[in-house]
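A short worksheet on the structure shown next.
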Amino acid sequence: MENSTSRVFEDFPGQYHLISAPGTAGLTPHIILQMSGQPYQLTLLNLRAGEQKTPAYLRLNPNGRVPTLILPDETKIFEAAAITMVLARAFPKLGLCPELPDDRALYDQWLVFLTNTFQANYMLFRHPERLVGENTATQTAVAQGAAKRCEVCLQILAKALEQKGPYLLGEKLSAADLYLAMICRWAARLPQPPRAFPALAALLDRINALPAVREVLLQEQIEGPLA
């Protein structure tokens with residue numbers, strides 16, 4: 001792994017190139033790449049400096065967000081959940097994407113739930129101004145409603161882990177668990193955070209103990225556990 005400071009965003013034929021920023025939605029793809037044991041390139045952007053809005057980056061990701069993944073064949077893809085799914089399939093020996101149809105269906109369900117429901121509601125809680133503008137009272141109402149929806153998401157996830165855990169698919173870690181841990185990192189800001197649910201806290205402890213997770217936190221200069 002090489003941490004590139006170049007903002008040319010060059011391709012590295014035969015290697016994956018992840019463009020992300022510390023602590024953002026690139027965490028899960030970064031962890032999977034680290035788990036793979038294969039060489040990869042990592043470029044960490046400075047979001048405060050607006051590096052995600054430069055013309056060079058917007059040519060890769062018109063949303064102006066991170067992460068973006070450049071595949072070994074030079075294909076460029078964005079959206080963290082899509083990148084997670086691509087990488088989980090790319091390294092089958094890791095077992096992060098289930099092979100059995102029933103398990104795969106459940107895996108797809110949880111990844112879509114996490115990105116489309118939990119993450120979407122959390123972003124409304126964290127940044128209500130993006131939806132309603134500068135009206136403070138409206139921002140507060142949106143944030144409070146989103147927090148309640150996030151709590152329901154956590155209840156659903158905790159119940160699933162209690163019934164079938166220790167992971168979302170039972171006994172085996174999947175990319176969905178890694179994605180969940182990433183969102184839980186941000187969701188610690190909620191009035192009722194993920195660690196208020198014992199089953200979720202236990203899952204997070206297991207993921208924090210993974211060597212690849214500890215290495216990624218070092219590379220992104222993140223102090224403390226993942227979540």
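Within each chain, counting starts at residue 1; across the structure tokens, chains are named A, B, ... in the order shown, with ligands numbered 1 upward in that order.
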Extract, using only C-alpha atoms, all DNA, RNA and protein residues at most 7 Å from Gly64 (chain A), discarding same-chain residues fewer than 6 positions from it, and format them as a PyMOL selection string.
chain A and resi 52-53+58
May I have the selected residues written with N, CA and C atoms, as a short mmCIF file (atom, residue, chain, number, x, y, z; two decimals), in the first residue's frame?
```
data_model
loop_
_atom_site.label_atom_id
_atom_site.label_comp_id
_atom_site.auth_asym_id
_atom_site.auth_seq_id
_atom_site.Cartn_x
_atom_site.Cartn_y
_atom_site.Cartn_z
N GLN A 52 -12.06 17.55 -3.02
CA GLN A 52 -13.08 16.70 -3.65
C GLN A 52 -13.92 17.47 -4.67
N LYS A 53 -13.69 18.77 -4.77
CA LYS A 53 -14.46 19.60 -5.71
C LYS A 53 -13.60 20.10 -6.87
N LEU A 58 -13.63 15.76 -9.96
CA LEU A 58 -15.00 15.69 -10.48
C LEU A 58 -15.08 14.89 -11.77
#
```
I'd like the neighbourhood of region 112-119 of chain A as an MDAnalysis selection string, where a residue qualifies if any of its atoms comes within 8 Å (using only C-alpha atoms), though same-chain residues fewer than 6 positions away should be ignored.
chainID A and resid 81 149:150 153 179:180 183
CA of Gly133 (chain A) to CA of Asn63 (chain A), distance in Å rounded to a single decimal
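Separating CA of Gly133 (chain A) from CA of Asn63 (chain A) is a distance of 19.3 Å.
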Write out as JSON lines a residue-level contact list of region 23-73 of chain A versus region 194-216 of chain A with cut-off 9 Å: for each qualifying residue the closest pair of atoms and the distance in Å to one decimal, counting only C-alpha atoms, rows sorted by chain and residue number upward.
```
{"residue": "A:Leu27", "atom": "CA", "partner": "A:Val216", "partner_atom": "CA", "distance": 7.8}
{"residue": "A:His30", "atom": "CA", "partner": "A:Val216", "partner_atom": "CA", "distance": 6.8}
{"residue": "A:Ile31", "atom": "CA", "partner": "A:Val213", "partner_atom": "CA", "distance": 5.9}
{"residue": "A:Ile32", "atom": "CA", "partner": "A:Ala212", "partner_atom": "CA", "distance": 8.0}
{"residue": "A:Leu33", "atom": "CA", "partner": "A:Ala212", "partner_atom": "CA", "distance": 8.8}
{"residue": "A:Gln34", "atom": "CA", "partner": "A:Ala212", "partner_atom": "CA", "distance": 5.6}
{"residue": "A:Met35", "atom": "CA", "partner": "A:Ala212", "partner_atom": "CA", "distance": 5.5}
```
Residues of region 52-207 of chain A classed as helix (DSSP H, G or I) by DSSP on the backbone are to be reported as a VMD selection string.
chain A and resid 52 to 53 55 to 58 80 to 90 92 to 94 101 to 126 129 to 132 136 to 164 175 to 187 194 to 196 198 to 207
